[in-house]
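Trainee: Before anything else, here's the structure in question.
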Amino acid sequence: MHNTSFPEGDFRAPVPVLTPGQGYRSITDKLTGLVFTANTPRAWFAFVGVGFSLLMCLLMALTWLLLKGIGIWGNNIPVGWAFDIINFVWWIGIGHAGTLISAVLLLFKQDWRMSISRSAEAMTIFAVVCAAIFPIFHTGRPWLAIYWLLPYPNTMLLWPNFRSPLIWDVFAVSTYATVSIVFWYTGLIPDLATFRDRAKNKIVARVYGILALGWRGSAKHWYRYENASLLLAGLSTPLVLSVHTVVSFDFAVAVLPGWHATIFPPYFVAGAVYAGFAMVLTLLIPLRKMYGLQDLITMHHIENMAKVMLVTGLIVVYGYACELFFGWYSGNTYERFMLINRTWRGPYAWAYWMLLLCNFIVPQLMWSKRFRRNIPVVFFVCMFVNVGMWLERFVIIVTSLHRDFIPSSWQMYYPTRWDFLTFFGTIGLFLTLMFLFVRVLPMLAIFELKTLLPEAKPKASGDGGSH
Amino acid sequence: MSHAVEVPQTYGLMAEFDSAQTLLDAAHAVQRAGYTKTDAFSPMPIHGLAEALGFEEHLIPKIVLTGGILGLIAGYGLEYWSSVIAFPLNIGGRPYHSIVAFIPPAYETTILLSALSCFGSLLFLCGFPEPYHPVFNHPRFSLATADKFFLVIEANDPKFSPDTTKTFLGGLGAKEVVSVNE
């Protein structure tokens, strides 16, 4: 924060992240109290109940899939990829906001991230878990996929083909999952120690104690810790950009009209951040109310996230415009046909216009400060974006595949009940993991919030004692 | 050395402070007074506190750079070895050594090994996991992760003396100075 003073009401003036009147004690008590309480909010049980039921649907759908094979899904030639890859890209995209908030905003010294970073990082990990289910089970026989996908010295002396974007995907997503977990856990260590020291139950204290690894808040440890956190943020930033870039290569490297476009990597990354911020808001708005966190996740946070959503949404719309322009300007019959089929003549044209409604028209409400500060409106817009980003992947994947070069091979695609059950099942998995996380782990970064307090920034003594 | 009776050794003297400012001032004073085996504890990072105690270390970035370079070499090496030497496969006439196609996986392994070496070096340098440490014997130390600040001068510090060090720490604005056993 710089010391420049701004006139009253100037938009450049720094906004306090926390509401005034907070102290070390109040933050510690509030955030440990969310977990060490006998009064879990009723809504928590409702969310976990819904999530867990859907999770059981997922288990059923996957069991049936393994028994019968992927023929139970609706995808078939020419639409060889459908729900499995739509949902994969949708979930991976959602995950990106967590890394963006905790890593990129850390590098930009955006202090407001501290209230939301922890839960957003958790969201990243759970979204990657949900995403991974789709390609893994789309292999049909995941136990064989190990040698198809991972390079290891097997008895058949086979190695994966590194020229394939699908192998790049394996490397990108598994690295992303690993680094996200490491980053998240690193952030949790000091807060786990706080939990260890506040827990009244001996066994609980011991469990948190084991997870805290013996953290004691030593100045030397903090010094290394801050060093390592900054480096991990610096490493996560190029990583998060590369992950959705590589995901977009799955399409862009193919020759199919509607996929083969150079705009894909940046357009996918922006779409990922867009979807992710919408999902962070979708989760935090109910959580904030459920746990009474209005002092820590303020309207300022909601407004900032709404602004990021608006900007990334406009970048995504720019991507749509580029796709239209490239298709027309290429002069290629197949490219032009793809556009007409996608937007006007084709059987899935409705999906394209729904997508524009969800991702382009409705989010324009966020230009208004009044709407950005109105929680029901923000939530409403986020729901549209969640649906819109799913439709975007549907449009890219299904409408490009269902009518390719030869009319004799055209086919419609209809998802089956198992497609829907698997998709809603992963939403259940996500909800279950997310609500278990808020039940047992600190959902806000306790130590980071303390650094925002004015009394946490002491001045070095004046008589040249430092260094 | 084996003693017939284990006498608890003194680990050091721990002073408790109420604010980050008094802790930082005390850390500067302790350093000026010539104590070297010291440490400070706080619920959140305090900028300049480790430096005030004379602590300086620049290892983690070097370890991370090494990890990254190894990750790059390992990733690219794996791709080259498996696609060119171990299992050359003609995919649509593309060269066995497809440099451009080999970039994404090597990029990811670079980041993977950098991040893992970052996390690993943090744990290694801090000595984690460390289930036992004498500072936890202080009855109020559990507040170091909530709202209190502590400073310790170890008994094996060459300048340590149970009485003068205690008076010295007491004069730095400490709320309480307690002797902690090993």
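Chain labels follow the order of the structure tokens: the first chain is A, the next B, and so on; residue numbering restarts at 1 in every chain, and ligands are counted from 1 in their shown order.
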List the neighbours of Ile94 (chain A) out to 6 Å using only C-alpha atoms; skip same-chain residues closer than 2 positions along the sequence, and give me the result as a ChimeraX atom specification.

Mentor: /A:91-92,96,272,275-276

Trainee: Using the chain letters and numbers from this document, which residues of region 79-153 of chain B does DSSP assign to strand (DSSP E or B), as JSON, numbers by chain?

Mentor: {"B": [149, 150, 151, 152, 153]}

Trainee: How about saving the chosen residues, N, CA and C atoms kept, as an mmCIF file, in the first residue's frame?

Mentor:
```cif
data_model
loop_
_atom_site.group_PDB
_atom_site.id
_atom_site.type_symbol
_atom_site.label_atom_id
_atom_site.label_comp_id
_atom_site.auth_asym_id
_atom_site.auth_seq_id
_atom_site.Cartn_x
_atom_site.Cartn_y
_atom_site.Cartn_z
ATOM 1 N N PHE B 149 3.263 -12.823 21.631
ATOM 2 C CA PHE B 149 4.553 -12.812 20.943
ATOM 3 C C PHE B 149 5.622 -13.253 21.936
ATOM 4 N N PHE B 150 6.526 -14.095 21.491
ATOM 5 C CA PHE B 150 7.528 -14.625 22.401
ATOM 6 C C PHE B 150 8.923 -14.442 21.827
ATOM 7 N N LEU B 151 9.883 -14.318 22.763
ATOM 8 C CA LEU B 151 11.278 -14.239 22.346
ATOM 9 C C LEU B 151 12.066 -15.154 23.266
ATOM 10 N N VAL B 152 12.953 -15.948 22.697
ATOM 11 C CA VAL B 152 13.718 -16.870 23.536
ATOM 12 C C VAL B 152 15.210 -16.599 23.374
ATOM 13 N N ILE B 153 15.932 -16.665 24.495
ATOM 14 C CA ILE B 153 17.398 -16.680 24.443
ATOM 15 C C ILE B 153 17.814 -18.024 25.000
#
```

Trainee: Quick one: residues within 10 Å of region 118-133 of chain B, only C-alpha atoms counted, chain neighbours fewer than 2 positions away excluded, as a VMD selection string?

Mentor: (chain A and resid 179 182 to 183 185 to 186 209 to 216 218 220 to 222 224 to 229 231 to 232 235) or (chain B and resid 11 59 to 65 67 to 68 112 to 116 135 to 137 182)

Trainee: Which residues, written as a PyMOL selection string, have at least one atom at most 9 Å from Thr298 (chain A), with only C-alpha atoms counted and residues fewer than 4 positions away on the same chain left out?

Mentor: chain A and resi 17-19+115+293-294+302-303

Trainee: So, with only C-alpha atoms as the atoms that count, which of A:Val170, A:Val207, A:Ala306, A:Ala349 lies closest to Pro104 (chain B)?

Mentor: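 So, comparing all the options, the nearest one is A:Val170.
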
Trainee: Please indicate the distance in Å from CA of Lys30 (chain A) to CA of Ser117 (chain A), rounded to one decimal place.

Mentor: 17.3 Å

Trainee: If I take CA of Asp250 (chain A) and CA of Phe384 (chain A), how far is one from the other in Å, to one decimal?

Mentor: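 Pair CA of Asp250 (chain A) / CA of Phe384 (chain A) returns 26.1 Å.
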
Trainee: Work out how far CA of Ser236 (chain A) is from CA of Val438 (chain A), in Å to one decimal.

Mentor: 23.6 Å

Trainee: For Leu452 (chain A), find every residue with an atom within 12 Å (counting only C-alpha atoms), except residues of its own chain fewer than 3 positions away, and show them as number ranges by chain.

Mentor: A: 1, 16-20, 22-24, 27, 109-115, 296, 445-449, 455-458; B: 44-46

Trainee: What would the file look like if the residues just selected were written as a compact mmCIF listing (two decimals), in the first residue's frame with C-alpha atoms?

Mentor:
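What landed in out-v4.txt:
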```
# COMPACT_ATOMS: atom_id res chain seq x y z
CA MET A 1 0.00 0.00 0.00
CA PRO A 16 -9.86 -1.31 4.02
CA VAL A 17 -10.07 -5.06 3.52
CA LEU A 18 -11.49 -5.87 6.93
CA THR A 19 -14.21 -3.98 8.74
CA PRO A 20 -12.70 -1.91 11.59
CA GLN A 22 -10.89 -6.54 14.38
CA GLY A 23 -7.94 -7.78 16.40
CA TYR A 24 -5.70 -10.86 16.62
CA ILE A 27 -9.95 -13.17 14.14
CA LYS A 109 -0.08 -7.44 -3.75
CA GLN A 110 -3.87 -7.40 -3.75
CA ASP A 111 -4.55 -7.67 -0.03
CA TRP A 112 -8.24 -8.36 -0.45
CA ARG A 113 -7.40 -11.82 -1.76
CA MET A 114 -6.56 -12.98 1.78
CA SER A 115 -10.19 -13.36 2.81
CA LEU A 296 -14.15 -10.69 6.77
CA ALA A 445 -6.27 -17.81 6.05
CA ILE A 446 -6.10 -16.84 9.73
CA PHE A 447 -2.47 -15.74 9.81
CA GLU A 448 -2.75 -13.78 6.58
CA LEU A 449 -5.77 -11.86 7.85
CA GLU A 455 -0.78 -3.40 14.73
CA ALA A 456 0.81 -6.25 12.74
CA LYS A 457 3.10 -3.86 10.85
CA PRO A 458 5.64 -2.66 13.42
CA MET B 44 1.86 -14.04 11.76
CA PRO B 45 4.95 -13.08 9.78
CA ILE B 46 6.53 -9.79 10.91
```

Trainee: Which residue is closest to Glu323 (chain A)? Choose from A:Leu401, A:Leu421, A:Ala261, A:Met338 and count only C-alpha atoms.

Mentor: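 Checking each of A:Leu401, A:Leu421, A:Ala261, A:Met338 against Glu323 (chain A), counting only C-alpha atoms, the winner is A:Ala261.
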
Trainee: Between A:Thr194, A:Met354, A:Leu239, A:Arg372, single out the one closest to Gly217 (chain A), counting only C-alpha atoms.

Mentor: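 Counting only C-alpha atoms, the residue closest to Gly217 (chain A) is A:Thr194.
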